[in-house]
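Reading through the structure tokens given below for one structure.
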Amino acid sequence: MSGLASYFVREPNKLIPANKFVVRGKNYRFSVLTPRLIRLEYSKNGVFEDRATSLVVNRTFNDCVFSVSSDETTLYISTEYFSLTYIKESPLTSKTIRVKVNGTDKEWTRGHQDVRNCGSLSYSLDDLNDKFKLSNGLYSMSGYAEIDDSNNFVIDKDNFIKREGITDIYLFVYRTDLGLCLQDYFNLTGYPPMIPRYTLGSWWYKNDKYNMYEIDETLKKFHDNHIPISVFLLGDKWHNDVENYNYDRTLFDVNNIQKYYSNKLQKFGLTINPSLKITPNDPIYNELIKYIPQANNTISFIPLNNNSINLYLNLVVNNLMNSGINIFNIDYNNKSDKDNLFLLNHYHYVISNMNIRGVILSRNPRVAPHRYPIIYSGKTKVSWNTLRFLASYNNSASNLGVSWHTHAIGGYYGGIEDDELYLRYIQFGVFNPIFILASDAGKYYKREPWKWNQTILSVIREYMQLRNKLVPYIYNESYNYHKFGVPLIQPLYYKYPKIYDEPNYVNQYFFGSRIMISPITKRKNSEMNRVVQRIFIPNGIWYDYSTGKKFIGNKYYMNFYKNEDYPIFIKEGSIIPMSLDDNTDCPKNMEIQIFPAENGLYGSYELYEDDGISLNPGENYLITKMNLDKVENGYKFTITPKEGNMNIDSRNYLLRFRNMKSPQHVIVNYEGQIINNKYEIEKNDLIVKLENIHVYSKVEINIIGTNLEIETESVINEEIEGILYDLEINTILKYKIDGIIFSDIPIKKKRIALRKLKKDKLEPKYINMFIGLLDFIEIK
């Protein structure tokens, strides 16, 4: 088993770049890998490293152009992106090497702190406080970033070993081309693997001491409340009270676990702490004493070595996998021992990935974390402060090339169980890469949605069902991440750097290629019963997902959100594939939401699907192309198989054309036949239903009519009228307020008139609220 170290080294012959890309001296060796990436090595004894490391699995890239010159003391290397100056044969220090970012005033020197680095995922958020700092990432406003590989493991004869006395740095200099930087990074370290499709649904993880009956009852309650759950993850109480690695047989029938949960189409995982001490009470103790020295009748696998990792994988991990475990949550919480955490991650992931796609959860060891999905932020406190920090933390993940990360949605421990906070956690979690409802043990941690009142429950149900509906979209975006290195979450500041310094907007992010989220991380205003949210809309036209209202891009807006609302925006011309089934499999029943576009920017989307678990899907995949085109007499929407041979026959479609009124005709052309299809109007959406459509046949829907689009621009006055509608104040007073705030008189006089309403018994809190809203009123 220890021979699994080189699992990610797909082509060993690509670890040594061609000589023409290498500049060397007696004690230094610099390898120009791309115009944006250079490897800098220094060795006192002149011995350099050509083996793979725990971070680096490839050093051979496409040809690149660079120039080299030198004099007696100094070496010069330049590319399109950087210019390097180095005092030859010197250790790499701030005095001996510097790299200028071409076309800017920025410069990298060894050991210099880059204050414009935007940060990335840290080890965990277990000890989150107001002074918490992110680790450095690849994205910096300075246009460069370094990764030090000097102290990472080297892979020698398929084992991990340590090296000493060398300097081994990879310097990325990319100016503003972060996408190209990420491509370089993934080529260097390995592209992200595809994760199992079922992981994109909703997870349940509460550290209670469950038995099989209680697991069944919990799953039944989710089902009865129409809330989909795809993964049940146990905490650390599945083994005996005496800590060991074996199931507590008073809780579980070990022989039937695999059959029991596979029959229920439920994925099952557990939390494991590899640092547990093994005592004579553990059945594997007698086997271990043959190979591992014992001390005071206890044995430990830590520290890991070739012998202990083999024993751990064979005697513990394999046995648990054979009992039906799909997922391991590796709870080795030792911030000072990231080497062993990396090894545990590597071997756990590789062994679970031998026959089908595996997945693990772990805190972040910082070495190629994108290869070991999923990174877990730890046992976070229940608080608004945590939720606020999670929003910016999410955005930082892609700065290290990570998409698959997750949090304890709802908060893990402590704090106050607050229905508004819990609801905002849920909504935030829906638009996280991985969605896990999680908490410590105890009946007073209300992670179960049915423990809240019916009003809150109905909103939770709606959003968790939305998460399940979005699995086809998220899975397709995960394929783009795996294939092209495009992160699922990208902060707006990638495209709009000024946003990074604006606290009202810095947490906004793109969720895949078509959706933008502005997470709500604060309490609502109690008087107006809404959260007031400042939002920046990117270039183009964007639509509010719930209402369909249109927002013109490159502008700032002030929006108001009730409990049931969330800032979800869809890019114009978007085609969003969704599932109408209650599981995460490739849907038999699919909803496709089609959003309008202006100026001829009509939509196109390619949907990738496979079985969700195969390591090499081969021909067992399907890519379907969907297009919306403007034609002379209306619109044409087509669904066309592009490639693949997936084992799926037909499906039913619900096509939802957003913001579209009744047409003259809807004509469906399917397999050479014209079908005059019925349609319906639901709110502002045109709905066309198609049944038993073969996935390898083309279907064309023609919507015939003129002026089909419904104009639904967002108007701030309507939002404020809505607030006025909902207030529990005298109706006559509402008319007076309306007459003041929407009048053409100057704002100063409006303030005076509002204050005078005190004599009509309008409470000061409402007077102050409307005075505060005056700045956002649009003059009629």
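Residue names in the structure tokens use chain letters A, B, ... in the order shown, residue numbers from 1 in each chain, and ligand numbers from 1 in the order shown.
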
Compile the contact shell of A:Ile426 as an MDAnalysis selection string: residues with an atom at most 8 Å away, counting only C-alpha atoms, same-chain residues fewer than 3 positions apart removed.
chainID A and resid 409:410 422:423 429:430 460 463:464

Please, could you write that set of residues out with C-alpha atoms as a PDB file, in the first residue's frame?
```pdb
ATOM      1  CA  ILE A 409     -23.772  24.717   7.530  1.00  0.00           C
ATOM      2  CA  GLY A 410     -25.594  26.101  10.530  1.00  0.00           C
ATOM      3  CA  TYR A 422     -29.957  29.195  10.389  1.00  0.00           C
ATOM      4  CA  LEU A 423     -31.996  30.175   7.349  1.00  0.00           C
ATOM      5  CA  GLY A 429     -24.949  26.545   1.748  1.00  0.00           C
ATOM      6  CA  VAL A 430     -27.107  25.895  -1.314  1.00  0.00           C
ATOM      7  CA  ILE A 460     -35.662  25.601   4.096  1.00  0.00           C
ATOM      8  CA  TYR A 463     -33.915  25.998  -0.912  1.00  0.00           C
ATOM      9  CA  MET A 464     -32.804  22.442  -0.239  1.00  0.00           C
TER      10      MET A 464
END
```

Nearby residues (only C-alpha atoms) at most 10 Å from stretch 53-57 of chain A, same-chain spacing under 3 positions excluded, as a PyMOL selection string:
chain A and resi 5-12+14-15+49-50+60+147-156+160-162+170+185-190+342-343+346+366-369+371

Serialized selection, N, CA and C atoms, as a CSV table (one decimal), in the first residue's frame:
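The resulting selection-v2.csv:
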```
chain,number,residue,atom,x,y,z
A,5,ALA,N,2.4,6.1,-3.5
A,5,ALA,CA,2.8,7.5,-3.4
A,5,ALA,C,2.8,8.2,-4.8
A,6,SER,N,3.1,7.5,-5.8
A,6,SER,CA,3.2,8.1,-7.1
A,6,SER,C,1.9,8.1,-7.9
A,7,TYR,N,0.8,7.9,-7.2
A,7,TYR,CA,-0.6,7.8,-7.9
A,7,TYR,C,-0.8,8.9,-8.9
A,8,PHE,N,-0.5,10.1,-8.5
A,8,PHE,CA,-0.8,11.3,-9.4
A,8,PHE,C,0.3,11.5,-10.5
A,9,VAL,N,1.4,10.8,-10.4
A,9,VAL,CA,2.4,11.0,-11.4
A,9,VAL,C,2.1,10.2,-12.6
A,10,ARG,N,1.3,10.8,-13.5
A,10,ARG,CA,0.8,10.0,-14.7
A,10,ARG,C,1.9,9.7,-15.7
A,11,GLU,N,2.8,10.7,-15.9
A,11,GLU,CA,3.8,10.5,-16.9
A,11,GLU,C,5.2,10.9,-16.3
A,12,PRO,N,5.9,9.9,-15.7
A,12,PRO,CA,7.2,10.1,-15.1
A,12,PRO,C,8.2,10.8,-16.0
A,14,LYS,N,7.9,13.2,-17.8
A,14,LYS,CA,7.7,14.6,-18.0
A,14,LYS,C,8.1,15.4,-16.8
A,15,LEU,N,8.9,14.8,-15.9
A,15,LEU,CA,9.4,15.5,-14.7
A,15,LEU,C,10.7,16.3,-15.0
A,49,GLU,N,17.0,18.4,-7.9
A,49,GLU,CA,15.9,17.5,-7.7
A,49,GLU,C,15.1,17.3,-9.0
A,50,ASP,N,15.1,16.0,-9.5
A,50,ASP,CA,14.3,15.7,-10.7
A,50,ASP,C,13.2,14.8,-10.5
A,60,THR,N,7.2,19.4,-17.6
A,60,THR,CA,7.4,19.5,-19.0
A,60,THR,C,6.1,20.2,-19.6
A,147,ILE,N,5.3,29.6,-4.7
A,147,ILE,CA,5.1,28.4,-3.9
A,147,ILE,C,6.4,27.8,-3.6
A,148,ASP,N,6.7,27.6,-2.3
A,148,ASP,CA,8.0,27.0,-1.9
A,148,ASP,C,7.8,25.5,-1.7
A,149,ASP,N,8.5,24.7,-2.5
A,149,ASP,CA,8.4,23.3,-2.5
A,149,ASP,C,9.6,22.6,-1.8
A,150,SER,N,10.4,23.4,-1.1
A,150,SER,CA,11.6,23.0,-0.5
A,150,SER,C,11.4,21.9,0.5
A,151,ASN,N,10.4,22.1,1.3
A,151,ASN,CA,10.2,21.2,2.5
A,151,ASN,C,9.1,20.1,2.3
A,152,ASN,N,8.6,20.0,1.1
A,152,ASN,CA,7.6,19.0,0.8
A,152,ASN,C,8.3,17.6,0.5
A,153,PHE,N,7.5,16.6,0.6
A,153,PHE,CA,8.0,15.2,0.4
A,153,PHE,C,8.5,15.1,-1.1
A,154,VAL,N,9.5,14.2,-1.3
A,154,VAL,CA,9.9,13.8,-2.6
A,154,VAL,C,9.4,12.3,-2.7
A,155,ILE,N,9.0,12.0,-3.9
A,155,ILE,CA,8.6,10.6,-4.2
A,155,ILE,C,9.7,9.8,-4.7
A,156,ASP,N,10.2,8.9,-3.9
A,156,ASP,CA,11.4,8.1,-4.2
A,156,ASP,C,11.0,6.6,-4.2
A,160,PHE,N,7.2,8.2,0.0
A,160,PHE,CA,7.4,9.6,0.3
A,160,PHE,C,8.6,9.7,1.3
A,161,ILE,N,9.6,10.6,0.9
A,161,ILE,CA,10.7,10.8,1.8
A,161,ILE,C,10.9,12.4,1.9
A,162,LYS,N,11.7,12.8,3.0
A,162,LYS,CA,12.0,14.2,3.2
A,162,LYS,C,13.4,14.5,2.6
A,170,TYR,N,8.8,27.8,-6.9
A,170,TYR,CA,8.0,28.0,-8.2
A,170,TYR,C,7.4,29.4,-8.1
A,185,TYR,N,-0.5,26.2,-12.9
A,185,TYR,CA,-0.5,25.6,-11.6
A,185,TYR,C,-1.0,24.1,-11.7
A,186,PHE,N,-2.1,23.9,-12.5
A,186,PHE,CA,-2.7,22.6,-12.6
A,186,PHE,C,-1.8,21.7,-13.5
A,187,ASN,N,-1.2,22.3,-14.5
A,187,ASN,CA,-0.3,21.5,-15.3
A,187,ASN,C,0.9,21.0,-14.4
A,188,LEU,N,1.3,21.8,-13.5
A,188,LEU,CA,2.4,21.5,-12.6
A,188,LEU,C,2.1,20.5,-11.5
A,189,THR,N,0.9,20.6,-11.0
A,189,THR,CA,0.5,19.8,-9.8
A,189,THR,C,-0.5,18.8,-10.1
A,190,GLY,N,-1.1,18.8,-11.2
A,190,GLY,CA,-2.2,17.8,-11.6
A,190,GLY,C,-3.5,18.5,-11.6
A,342,PHE,N,-1.2,15.4,5.4
A,342,PHE,CA,-1.1,15.2,3.9
A,342,PHE,C,-1.0,13.7,3.6
A,343,LEU,N,-0.2,12.9,4.3
A,343,LEU,CA,-0.1,11.5,4.0
A,343,LEU,C,-1.4,10.8,4.2
A,346,HIS,N,-3.6,11.7,1.3
A,346,HIS,CA,-3.2,11.0,0.1
A,346,HIS,C,-3.6,9.5,0.1
A,366,ARG,N,-2.4,22.1,2.8
A,366,ARG,CA,-1.8,23.2,2.0
A,366,ARG,C,-1.0,22.6,0.8
A,367,VAL,N,-0.8,21.3,0.7
A,367,VAL,CA,-0.1,20.8,-0.4
A,367,VAL,C,-1.1,20.2,-1.4
A,368,ALA,N,-1.2,20.8,-2.6
A,368,ALA,CA,-2.1,20.4,-3.7
A,368,ALA,C,-3.5,20.0,-3.1
A,369,PRO,N,-4.1,20.8,-2.4
A,369,PRO,CA,-5.4,20.4,-1.8
A,369,PRO,C,-6.5,20.2,-2.8
A,371,ARG,N,-6.3,18.2,-5.2
A,371,ARG,CA,-6.3,16.8,-5.6
A,371,ARG,C,-7.0,15.9,-4.7
```

Where does DSSP see helix (DSSP H, G or I) in stretch 223-281 of chain A, if you list the residues as an mmCIF file with all heavy atoms, in the first residue's frame?
```cif
data_model
loop_
_atom_site.group_PDB
_atom_site.id
_atom_site.type_symbol
_atom_site.label_atom_id
_atom_site.label_comp_id
_atom_site.auth_asym_id
_atom_site.auth_seq_id
_atom_site.Cartn_x
_atom_site.Cartn_y
_atom_site.Cartn_z
ATOM 1 N N HIS A 223 -37.367 12.479 4.235
ATOM 2 C CA HIS A 223 -38.243 12.082 3.133
ATOM 3 C C HIS A 223 -39.657 12.592 3.348
ATOM 4 O O HIS A 223 -40.299 13.136 2.434
ATOM 5 C CB HIS A 223 -38.236 10.556 3.001
ATOM 6 C CG HIS A 223 -39.097 10.048 1.882
ATOM 7 N ND1 HIS A 223 -40.422 9.693 2.069
ATOM 8 C CD2 HIS A 223 -38.822 9.853 0.571
ATOM 9 C CE1 HIS A 223 -40.930 9.297 0.920
ATOM 10 N NE2 HIS A 223 -39.975 9.386 -0.008
ATOM 11 N N ASP A 224 -40.184 12.439 4.567
ATOM 12 C CA ASP A 224 -41.553 12.869 4.852
ATOM 13 C C ASP A 224 -41.723 14.379 4.716
ATOM 14 O O ASP A 224 -42.814 14.869 4.422
ATOM 15 C CB ASP A 224 -41.962 12.439 6.266
ATOM 16 C CG ASP A 224 -42.126 10.935 6.393
ATOM 17 O OD1 ASP A 224 -42.165 10.260 5.341
ATOM 18 O OD2 ASP A 224 -42.161 10.435 7.534
ATOM 19 N N VAL A 254 -22.784 -5.208 11.649
ATOM 20 C CA VAL A 254 -21.677 -4.976 10.722
ATOM 21 C C VAL A 254 -21.860 -5.739 9.423
ATOM 22 O O VAL A 254 -21.538 -5.231 8.335
ATOM 23 C CB VAL A 254 -20.336 -5.362 11.390
ATOM 24 C CG1 VAL A 254 -19.190 -5.168 10.420
ATOM 25 C CG2 VAL A 254 -20.127 -4.528 12.650
ATOM 26 N N ASN A 255 -22.390 -6.944 9.505
ATOM 27 C CA ASN A 255 -22.510 -7.782 8.318
ATOM 28 C C ASN A 255 -23.536 -7.261 7.317
ATOM 29 O O ASN A 255 -23.529 -7.659 6.150
ATOM 30 C CB ASN A 255 -22.878 -9.211 8.721
ATOM 31 C CG ASN A 255 -21.785 -9.867 9.548
ATOM 32 O OD1 ASN A 255 -20.600 -9.665 9.267
ATOM 33 N ND2 ASN A 255 -22.168 -10.630 10.565
ATOM 34 N N ASN A 256 -24.426 -6.387 7.772
ATOM 35 C CA ASN A 256 -25.504 -5.936 6.896
ATOM 36 C C ASN A 256 -25.444 -4.451 6.537
ATOM 37 O O ASN A 256 -26.329 -3.940 5.854
ATOM 38 C CB ASN A 256 -26.867 -6.221 7.552
ATOM 39 C CG ASN A 256 -27.204 -7.702 7.522
ATOM 40 O OD1 ASN A 256 -26.956 -8.368 6.531
ATOM 41 N ND2 ASN A 256 -27.746 -8.215 8.606
ATOM 42 N N ILE A 257 -24.405 -3.754 6.996
ATOM 43 C CA ILE A 257 -24.353 -2.305 6.741
ATOM 44 C C ILE A 257 -24.332 -2.008 5.242
ATOM 45 O O ILE A 257 -25.109 -1.199 4.748
ATOM 46 C CB ILE A 257 -23.130 -1.676 7.435
ATOM 47 C CG1 ILE A 257 -23.359 -1.649 8.952
ATOM 48 C CG2 ILE A 257 -22.887 -0.263 6.927
ATOM 49 C CD1 ILE A 257 -22.172 -1.114 9.725
ATOM 50 N N GLN A 258 -23.442 -2.702 4.528
ATOM 51 C CA GLN A 258 -23.296 -2.409 3.099
ATOM 52 C C GLN A 258 -24.595 -2.672 2.344
ATOM 53 O O GLN A 258 -25.067 -1.813 1.581
ATOM 54 C CB GLN A 258 -22.172 -3.238 2.501
ATOM 55 C CG GLN A 258 -21.907 -2.898 1.040
ATOM 56 C CD GLN A 258 -20.707 -3.639 0.499
ATOM 57 O OE1 GLN A 258 -20.387 -4.723 0.948
ATOM 58 N NE2 GLN A 258 -20.031 -3.047 -0.481
ATOM 59 N N LYS A 259 -25.191 -3.812 2.559
ATOM 60 C CA LYS A 259 -26.436 -4.147 1.863
ATOM 61 C C LYS A 259 -27.555 -3.197 2.274
ATOM 62 O O LYS A 259 -28.325 -2.711 1.447
ATOM 63 C CB LYS A 259 -26.829 -5.594 2.176
ATOM 64 C CG LYS A 259 -28.137 -6.018 1.517
ATOM 65 C CD LYS A 259 -28.487 -7.453 1.866
ATOM 66 C CE LYS A 259 -29.816 -7.847 1.222
ATOM 67 N NZ LYS A 259 -30.202 -9.236 1.583
ATOM 68 N N TYR A 260 -27.607 -2.886 3.549
ATOM 69 C CA TYR A 260 -28.693 -2.068 4.082
ATOM 70 C C TYR A 260 -28.725 -0.690 3.431
ATOM 71 O O TYR A 260 -29.760 -0.239 2.944
ATOM 72 C CB TYR A 260 -28.510 -1.931 5.596
ATOM 73 C CG TYR A 260 -29.593 -1.151 6.295
ATOM 74 C CD1 TYR A 260 -30.822 -1.741 6.569
ATOM 75 C CD2 TYR A 260 -29.387 0.151 6.687
ATOM 76 C CE1 TYR A 260 -31.816 -1.045 7.227
ATOM 77 C CE2 TYR A 260 -30.367 0.874 7.343
ATOM 78 C CZ TYR A 260 -31.583 0.268 7.610
ATOM 79 O OH TYR A 260 -32.556 0.965 8.252
ATOM 80 N N TYR A 261 -27.568 -0.012 3.374
ATOM 81 C CA TYR A 261 -27.564 1.350 2.848
ATOM 82 C C TYR A 261 -27.512 1.398 1.333
ATOM 83 O O TYR A 261 -28.034 2.333 0.726
ATOM 84 C CB TYR A 261 -26.429 2.161 3.479
ATOM 85 C CG TYR A 261 -26.715 2.405 4.938
ATOM 86 C CD1 TYR A 261 -26.026 1.740 5.931
ATOM 87 C CD2 TYR A 261 -27.735 3.263 5.312
ATOM 88 C CE1 TYR A 261 -26.328 1.923 7.269
ATOM 89 C CE2 TYR A 261 -28.052 3.458 6.645
ATOM 90 C CZ TYR A 261 -27.346 2.793 7.623
ATOM 91 O OH TYR A 261 -27.663 2.970 8.933
ATOM 92 N N SER A 262 -26.930 0.400 0.692
ATOM 93 C CA SER A 262 -26.942 0.400 -0.766
ATOM 94 C C SER A 262 -28.360 0.171 -1.278
ATOM 95 O O SER A 262 -28.764 0.744 -2.292
ATOM 96 C CB SER A 262 -26.003 -0.677 -1.317
ATOM 97 O OG SER A 262 -26.416 -1.968 -0.904
ATOM 98 N N ASN A 263 -29.136 -0.636 -0.568
ATOM 99 C CA ASN A 263 -30.533 -0.853 -0.949
ATOM 100 C C ASN A 263 -31.348 0.428 -0.837
ATOM 101 O O ASN A 263 -32.339 0.626 -1.543
ATOM 102 C CB ASN A 263 -31.174 -1.942 -0.088
ATOM 103 C CG ASN A 263 -30.693 -3.332 -0.465
ATOM 104 O OD1 ASN A 263 -30.070 -3.515 -1.502
ATOM 105 N ND2 ASN A 263 -30.962 -4.312 0.388
#
```

Can you list, as number ranges by chain, every protein, DNA or RNA residue that comes within 9 Å of stretch 682-694 of chain A when you count only C-alpha atoms, leaving out same-chain residues fewer than 5 positions away?
A: 547-548, 589, 648-663, 666, 668, 670, 677, 699, 701, 710

Could you pull out the strand (DSSP E) residues of stretch 203-373 of chain A from DSSP and send them as a PyMOL selection string?
chain A and resi 203-206+231-234+267-272+327-330+359-362

Tell me which protein, DNA and RNA residues are within 6 Å of stretch 118-129 of chain A, counting only C-alpha atoms, leaving out same-chain ones fewer than 3 positions away, and put them as a PDB file with C-alpha atoms, in the first residue's frame.
```
ATOM      1  CA  PHE A 132      -7.934  35.437  11.734  1.00  0.00           C
ATOM      2  CA  LEU A 134      -5.816  33.831   5.395  1.00  0.00           C
ATOM      3  CA  SER A 135      -2.810  32.012   3.976  1.00  0.00           C
ATOM      4  CA  ASN A 136      -1.178  33.333   0.817  1.00  0.00           C
ATOM      5  CA  GLY A 137      -2.652  32.165  -2.463  1.00  0.00           C
ATOM      6  CA  TYR A 139      -3.966  35.535  -6.763  1.00  0.00           C
ATOM      7  CA  SER A 140      -2.327  38.835  -5.944  1.00  0.00           C
ATOM      8  CA  ARG A 363      -8.718  20.050   6.960  1.00  0.00           C
ATOM      9  CA  ASN A 364      -6.254  21.707   4.628  1.00  0.00           C
ATOM     10  CA  SER A 377     -13.185  24.228   7.307  1.00  0.00           C
ATOM     11  CA  GLY A 378     -13.597  22.447  10.650  1.00  0.00           C
ATOM     12  CA  LYS A 379     -15.786  22.765  13.728  1.00  0.00           C
ATOM     13  CA  THR A 380     -16.886  26.372  13.490  1.00  0.00           C
ATOM     14  CA  SER A 396     -10.333  32.683  -1.318  1.00  0.00           C
ATOM     15  CA  ALA A 397     -10.442  28.966  -2.184  1.00  0.00           C
ATOM     16  CA  ASN A 399      -6.895  31.500  -5.163  1.00  0.00           C
ATOM     17  CA  LEU A 400      -5.306  28.127  -4.409  1.00  0.00           C
TER      18      LEU A 400
END
```

Work out how far atom CA of A:Ser31 is from atom CA of A:Ala18, in Å to one decimal.
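Taking atom CA of A:Ala18 and atom CA of A:Ser31, their separation equals 9.2 Å.
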
Considering only C-alpha atoms, return as a ChimeraX atom specification whatever protein or nucleic-acid residues lie within 10 Å of A:Leu311, sequence-local ones (same chain, fewer than 6 positions apart) excluded.
/A:1-2,284,287-288,291-292,301,305,317
